[in-house]
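Source file: coords.txt; contents: compact mmCIF, C-alpha atoms.
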# COMPACT_ATOMS: atom_id res chain seq x y z
CA MET P 1 214.48 155.62 79.07
CA LEU P 2 210.86 154.51 78.95
CA ARG P 3 208.40 157.34 78.39
CA ILE P 4 204.86 156.25 79.14
CA ASP P 5 201.62 158.12 79.70
CA ARG P 6 200.05 158.06 83.13
CA ALA P 7 196.81 156.36 82.06
CA THR P 8 198.70 153.42 80.56
CA ARG P 9 201.01 153.16 83.56
CA ASP P 10 197.99 153.22 85.91
CA ALA P 11 196.21 150.57 83.83
CA ILE P 12 199.22 148.23 84.07
CA VAL P 13 199.32 148.75 87.83
CA ALA P 14 195.56 148.13 88.08
CA HIS P 15 195.91 144.91 86.07
CA ALA P 16 198.69 143.70 88.38
CA LYS P 17 196.63 144.48 91.50
CA ARG P 18 193.54 142.80 90.08
CA ASP P 19 195.36 139.57 89.21
CA HIS P 20 197.36 139.40 92.45
CA PRO P 21 198.34 136.85 93.84
CA ASP P 22 198.86 135.51 90.31
CA GLU P 23 201.28 137.24 87.99
CA ALA P 24 199.69 139.58 85.44
CA CYS P 25 201.17 140.09 81.98
CA GLY P 26 200.65 141.99 78.75
CA VAL P 27 202.17 144.32 76.20
CA VAL P 28 201.87 147.92 75.14
CA ALA P 29 202.07 148.03 71.37
CA GLY P 30 203.16 151.00 69.32
CA PRO P 31 204.04 151.87 65.73
CA VAL P 32 207.17 150.06 64.50
CA GLY P 33 210.29 152.08 65.26
CA SER P 34 208.40 154.79 67.18
CA ASP P 35 209.28 153.74 70.75
CA ARG P 36 205.77 154.96 71.66
CA PRO P 37 203.79 152.67 73.97
CA GLU P 38 200.31 153.53 72.71
CA ARG P 39 198.00 150.53 72.89
CA LEU P 40 197.71 148.46 76.05
CA VAL P 41 196.88 144.80 75.49
CA GLU P 42 196.24 142.86 78.68
CA MET P 43 197.01 139.20 78.19
CA VAL P 44 195.78 136.17 80.11
CA ASN P 45 198.47 134.47 82.14
CA ALA P 46 198.00 130.93 80.81
CA ALA P 47 200.16 129.64 83.66
CA GLY P 48 197.70 131.13 86.20
CA SER P 49 200.50 131.15 88.75
CA PRO P 50 201.95 133.39 91.48
CA THR P 51 205.46 132.53 90.30
CA PHE P 52 205.22 132.17 86.53
CA TYR P 53 203.60 133.80 83.53
CA GLU P 54 203.19 132.75 79.95
CA PHE P 55 200.98 134.08 77.15
CA ASP P 56 198.68 131.39 75.79
CA SER P 57 200.19 130.21 72.50
CA LEU P 58 197.14 130.97 70.37
CA ASP P 59 196.61 134.35 72.05
CA LEU P 60 200.27 135.06 71.30
CA LEU P 61 199.81 134.28 67.62
CA ALA P 62 196.67 136.43 67.43
CA LEU P 63 198.49 139.31 69.15
CA TYR P 64 201.46 139.21 66.78
CA ARG P 65 199.19 138.95 63.73
CA GLU P 66 197.22 141.95 64.93
CA MET P 67 200.37 143.97 65.57
CA ASP P 68 201.68 142.99 62.12
CA ASP P 69 198.45 144.14 60.47
CA ARG P 70 198.69 147.47 62.27
CA ASP P 71 202.45 147.95 61.67
CA GLU P 72 203.04 147.75 65.39
CA GLU P 73 205.56 146.08 67.61
CA PRO P 74 205.63 145.32 71.33
CA VAL P 75 207.14 148.51 72.76
CA VAL P 76 206.58 147.35 76.34
CA VAL P 77 206.33 143.79 77.64
CA TYR P 78 205.13 143.82 81.23
CA HIS P 79 204.48 141.39 84.03
CA SER P 80 204.13 141.46 87.78
CA HIS P 81 206.00 139.83 90.59
CA THR P 82 203.72 139.12 93.50
CA ALA P 83 206.16 138.26 96.29
CA THR P 84 209.51 139.60 95.13
CA GLU P 85 210.98 142.88 93.96
CA ALA P 86 210.31 144.35 90.53
CA TYR P 87 213.57 143.08 89.08
CA PRO P 88 213.92 140.49 86.29
CA SER P 89 214.44 136.98 87.61
CA ARG P 90 216.87 134.53 86.12
CA THR P 91 213.94 132.97 84.24
CA ASP P 92 212.77 136.36 82.99
CA ILE P 93 216.24 137.05 81.64
CA GLY P 94 216.64 133.62 80.05
CA LEU P 95 213.30 133.85 78.25
CA ALA P 96 213.40 137.51 77.21
CA SER P 97 213.07 137.42 73.43
CA GLU P 98 212.24 140.97 72.39
CA PRO P 99 215.58 142.81 72.40
CA GLY P 100 213.87 146.01 71.24
CA ALA P 101 211.26 146.08 74.01
CA HIS P 102 211.15 147.78 77.38
CA TYR P 103 210.58 145.05 79.96
CA VAL P 104 208.40 146.51 82.68
CA LEU P 105 208.22 144.82 86.07
CA VAL P 106 205.58 145.69 88.65
CA SER P 107 205.69 144.31 92.17
CA THR P 108 202.49 143.84 94.13
CA ARG P 109 204.28 142.31 97.12
CA GLU P 110 203.49 145.19 99.48
CA HIS P 111 199.81 145.90 98.96
CA GLY P 112 198.49 142.97 96.94
CA ASN P 113 195.00 143.69 95.64
CA ASN P 114 194.70 146.84 97.73
CA GLU P 115 195.35 150.50 97.19
CA GLY P 116 198.88 151.67 97.70
CA PRO P 117 202.02 152.38 95.74
CA VAL P 118 203.71 149.67 93.71
CA GLU P 119 207.19 149.40 92.31
CA PHE P 120 207.09 150.10 88.57
CA ARG P 121 210.48 149.64 86.92
CA SER P 122 211.74 149.19 83.38
CA TYR P 123 214.65 147.29 81.87
CA ARG P 124 216.32 146.41 78.62
CA ILE P 125 217.16 142.73 78.40
CA VAL P 126 219.52 141.92 75.51
CA ASP P 127 221.57 138.72 75.23
CA GLY P 128 221.10 137.97 78.91
CA GLU P 129 222.26 141.45 79.93
CA VAL P 130 219.89 143.51 82.09
CA THR P 131 220.04 147.29 82.10
CA GLU P 132 217.61 149.25 84.24
CA GLU P 133 216.37 152.48 82.72
CA GLU P 134 214.58 155.57 83.92
CA VAL P 135 210.77 155.69 83.67
CA ASP P 136 209.35 159.05 82.64
CA VAL P 137 205.62 159.19 83.32
CA VAL P 138 203.96 161.95 81.31
CA GLU P 139 200.36 163.12 81.19
CA GLN P 140 200.32 162.56 77.43
CA LEU P 141 202.90 161.22 75.02
CA PRO P 142 204.27 164.04 72.86
CA ALA P 143 202.97 164.18 69.30
CA PRO P 144 204.84 161.82 66.96
CA THR P 145 207.79 163.55 65.30
CA VAL P 146 207.08 161.90 61.95
CA PRO P 147 203.53 162.05 60.66
CA GLU P 148 202.01 158.60 60.52
CA SER P 149 201.72 157.40 56.95
CA GLY P 150 199.02 155.36 55.31
CA GLU P 151 196.29 157.97 55.20
CA MET L 1 207.43 122.88 47.13
CA ALA L 2 207.76 126.18 48.94
CA ILE L 3 206.60 127.02 52.40
CA GLU L 4 206.80 130.50 53.84
CA VAL L 5 208.35 130.63 57.30
CA ARG L 6 207.87 133.79 59.37
CA ILE L 7 210.92 134.51 61.49
CA PRO L 8 210.69 136.42 64.81
CA THR L 9 212.93 139.44 65.44
CA ILE L 10 215.29 137.58 67.75
CA LEU L 11 216.10 134.93 65.11
CA ARG L 12 216.58 137.31 62.19
CA THR L 13 220.31 137.34 62.83
CA TYR L 14 220.21 133.93 61.13
CA THR L 15 218.27 135.17 58.10
CA ASN L 16 220.13 138.39 57.25
CA GLY L 17 217.33 140.35 58.82
CA GLU L 18 214.63 138.75 56.64
CA LYS L 19 211.20 138.57 58.30
CA ALA L 20 210.17 135.60 56.21
CA VAL L 21 212.11 132.96 54.32
CA SER L 22 211.11 130.14 52.06
CA ALA L 23 211.90 126.52 52.90
CA ASN L 24 210.96 122.97 51.92
CA GLY L 25 209.96 119.82 53.75
CA ASP L 26 207.01 117.49 54.08
CA THR L 27 207.23 117.49 57.85
CA LEU L 28 208.17 120.21 60.30
CA ALA L 29 211.36 118.28 61.16
CA ALA L 30 212.37 118.21 57.46
CA LEU L 31 211.50 121.89 57.08
CA ILE L 32 213.72 122.82 60.04
CA ASP L 33 216.59 120.75 58.58
CA ASP L 34 216.17 122.65 55.32
CA LEU L 35 216.16 125.96 57.21
CA GLU L 36 219.36 124.91 58.97
CA ALA L 37 221.04 124.16 55.62
CA ASN L 38 220.47 127.74 54.50
CA HIS L 39 220.62 129.50 57.86
CA PRO L 40 223.17 127.61 59.97
CA GLY L 41 222.54 127.74 63.71
CA ILE L 42 218.79 128.30 63.55
CA ARG L 43 217.89 124.65 64.26
CA GLY L 44 219.48 124.78 67.70
CA ARG L 45 217.24 127.71 68.60
CA LEU L 46 214.12 125.74 67.70
CA VAL L 47 214.88 122.13 68.58
CA ASP L 48 216.61 120.25 71.40
CA GLY L 49 218.24 116.89 70.65
CA ASP L 50 218.71 114.88 67.48
CA GLY L 51 216.97 112.04 65.66
CA ASP L 52 214.28 110.30 67.70
CA ASP L 53 215.14 112.40 70.75
CA ALA L 54 214.55 115.69 68.97
CA ASP L 55 211.76 117.88 70.29
CA LEU L 56 210.68 121.46 69.93
CA ARG L 57 212.17 123.65 72.61
CA ARG L 58 209.76 124.33 75.44
CA PHE L 59 209.62 128.10 74.97
CA VAL L 60 209.39 128.21 71.20
CA ASN L 61 206.00 128.19 69.52
CA VAL L 62 205.59 127.03 65.95
CA TYR L 63 202.31 127.32 64.06
CA ILE L 64 201.23 125.76 60.79
CA ASN L 65 198.35 127.68 59.25
CA ASP L 66 197.54 129.19 62.65
CA GLU L 67 197.54 125.89 64.52
CA ASP L 68 200.02 125.31 67.33
CA VAL L 69 202.07 122.33 66.11
CA ARG L 70 202.07 120.85 69.62
CA PHE L 71 198.46 119.87 68.97
CA ILE L 72 199.06 118.45 65.47
CA GLY L 73 202.06 116.18 65.83
CA GLY L 74 204.94 118.42 66.83
CA LEU L 75 208.01 117.89 64.66
CA GLU L 76 206.14 115.15 62.76
CA ALA L 77 203.36 117.53 61.71
CA GLY L 78 202.82 117.31 57.96
CA LEU L 79 203.30 120.19 55.53
CA SER L 80 202.18 120.83 52.00
CA ASP L 81 202.90 123.40 49.35
CA GLY L 82 201.56 126.83 50.25
CA ASP L 83 201.34 126.22 53.98
CA GLN L 84 202.44 129.06 56.20
CA VAL L 85 204.67 128.45 59.18
CA VAL L 86 205.08 131.04 61.94
CA VAL L 87 207.75 130.87 64.63
CA LEU L 88 207.23 132.90 67.82
CA PRO L 89 209.23 132.70 71.01
CA ALA L 90 207.05 132.31 74.09
CA VAL L 91 206.46 135.45 76.08
CA ALA L 92 207.04 134.02 79.52
CA GLY L 93 208.99 134.32 82.72
CA GLY L 94 208.68 133.96 86.42
CA CYS L 95 210.22 134.87 89.68
Taking this structure as input, can you express it in the form of structure tokens?
Amino acid sequence: MLRIDRATRDAIVAHAKRDHPDEACGVVAGPVGSDRPERLVEMVNAAGSPTFYEFDSLDLLALYREMDDRDEEPVVVYHSHTATEAYPSRTDIGLASEPGAHYVLVSTREHGNNEGPVEFRSYRIVDGEVTEEEVDVVEQLPAPTVPESGE
Amino acid sequence: MAIEVRIPTILRTYTNGEKAVSANGDTLAALIDDLEANHPGIRGRLVDGDGDDADLRRFVNVYINDEDVRFIGGLEAGLSDGDQVVVLPAVAGGC
């Protein structure tokens, strides 16, 4: 199950609507091992395409360095589909390389840049195997069970 | 000569879970061959083809000291002692 706070979910949806008809993409980082999507990082779709997304290679390096420095990992990797359902495509599955992440798919096919509900679905993609999971949207993530160290 | 190579999560099955390993080589191609000698199978995840036909796989990014190797010679990019190499799979997809 993916548990995500409403503000982060809404921000992902807003990003997808804003970038429509191109695909939008990004991550939500969180402390390593916490499974808490805490810090939204919108990424530029270097492909600038309605049918493809790719993080720019130098942006990707900067993102992973930053997460490393903060003891974070990508808890959520998200992107939008702009003309098809919010289900991982064959390409999405073939290129999925974060077996620990929740892959979130948003579809803007119905309302595009406009107001209106969007499909927001989450999957695990491990070794080419897709498993859809429940999305639990909460007002606020519960307090971490283990106090964060480093203070 | 020792070069630190940072390994992404998905390739750590080849490195006994290590996040970084040490390897040798004066080009990226030689470094990857050295990695393969100690971590069999890893080369095929980074490179397609052999010899003159070898090329980095399209959706694998390799950086030498924060530069994308595609802009500095690809597999022929030079390395020296103390350089840091980072491997990151592309985050990409499409419908």
Please, which residues of chain L lie no more than 7 Å from chain P when the count uses all atoms listed in the file, and can they be set out as a ChimeraX atom specification?
/L:10,61,89,91-95
Using all atoms listed in the file, which protein or nucleic acid residues come within 9 Å of L:Ala29? Drop anything in the same chain fewer than 5 positions from it, and give the result as a list of chain:residue names.
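After dropping sequence-adjacent residues, the list is L:Asp34, L:Ala54, L:Gly74, L:Leu75, L:Glu76, L:Ala77.
Between atom CA of P:Ile12 and atom CA of L:Asp68 the separation is 28.4 Å.
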Could you check how far atom CA of L:Asp66 sits from atom CA of P:Leu63, in Å to one decimal?
12.1 Å
Excluding stretch 40-52 of chain L and its own-chain neighbours fewer than 6 positions away, which residues fall within 9 Å of it when counting all atoms listed in the file? Please give them as number ranges by chain.
L: 11, 14-15, 32-33, 58-62, 75, 87
d(atom CA of P:Pro21, atom CA of P:Gly112) in Å:
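Spanning atom CA of P:Pro21 to atom CA of P:Gly112 is a straight-line distance of 6.9 Å.
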How would you write as a PyMOL selection string the residues that get within 8 Å of (209.5, 131.3, 58.1) in the file's frame, counting only C-alpha atoms?
chain L and resi 3-7+19-23+84-87
Find the residues near P:Ala14: any atom within 12 Å, counting only C-alpha atoms, skip ones fewer than 2 places away on the same chain, and give them as a count of residues only.
29
At a cut-off of 7 Å, using only C-alpha atoms, what residues contact P:Gly30? Leave out same-chain residues fewer than 4 positions from it and give the result as a compact mmCIF listing (two decimals) with C-alpha atoms, in the coordinates of the input.
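Below you can see around29.txt, which holds the result:
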# COMPACT_ATOMS: atom_id res chain seq x y z
CA SER P 34 208.40 154.79 67.18
CA ASP P 35 209.28 153.74 70.75
CA ARG P 36 205.77 154.96 71.66
CA PRO P 37 203.79 152.67 73.97
CA GLU P 38 200.31 153.53 72.71
CA ARG P 39 198.00 150.53 72.89
CA GLU P 72 203.04 147.75 65.39
CA GLU P 73 205.56 146.08 67.61
CA PRO P 74 205.63 145.32 71.33
CA VAL P 75 207.14 148.51 72.76
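Among the candidate residues P:Val104, P:Arg109, P:Asp68, P:Glu129, the one lying nearest to P:Arg3 is P:Val104, with distances computed using all atoms listed in the file.
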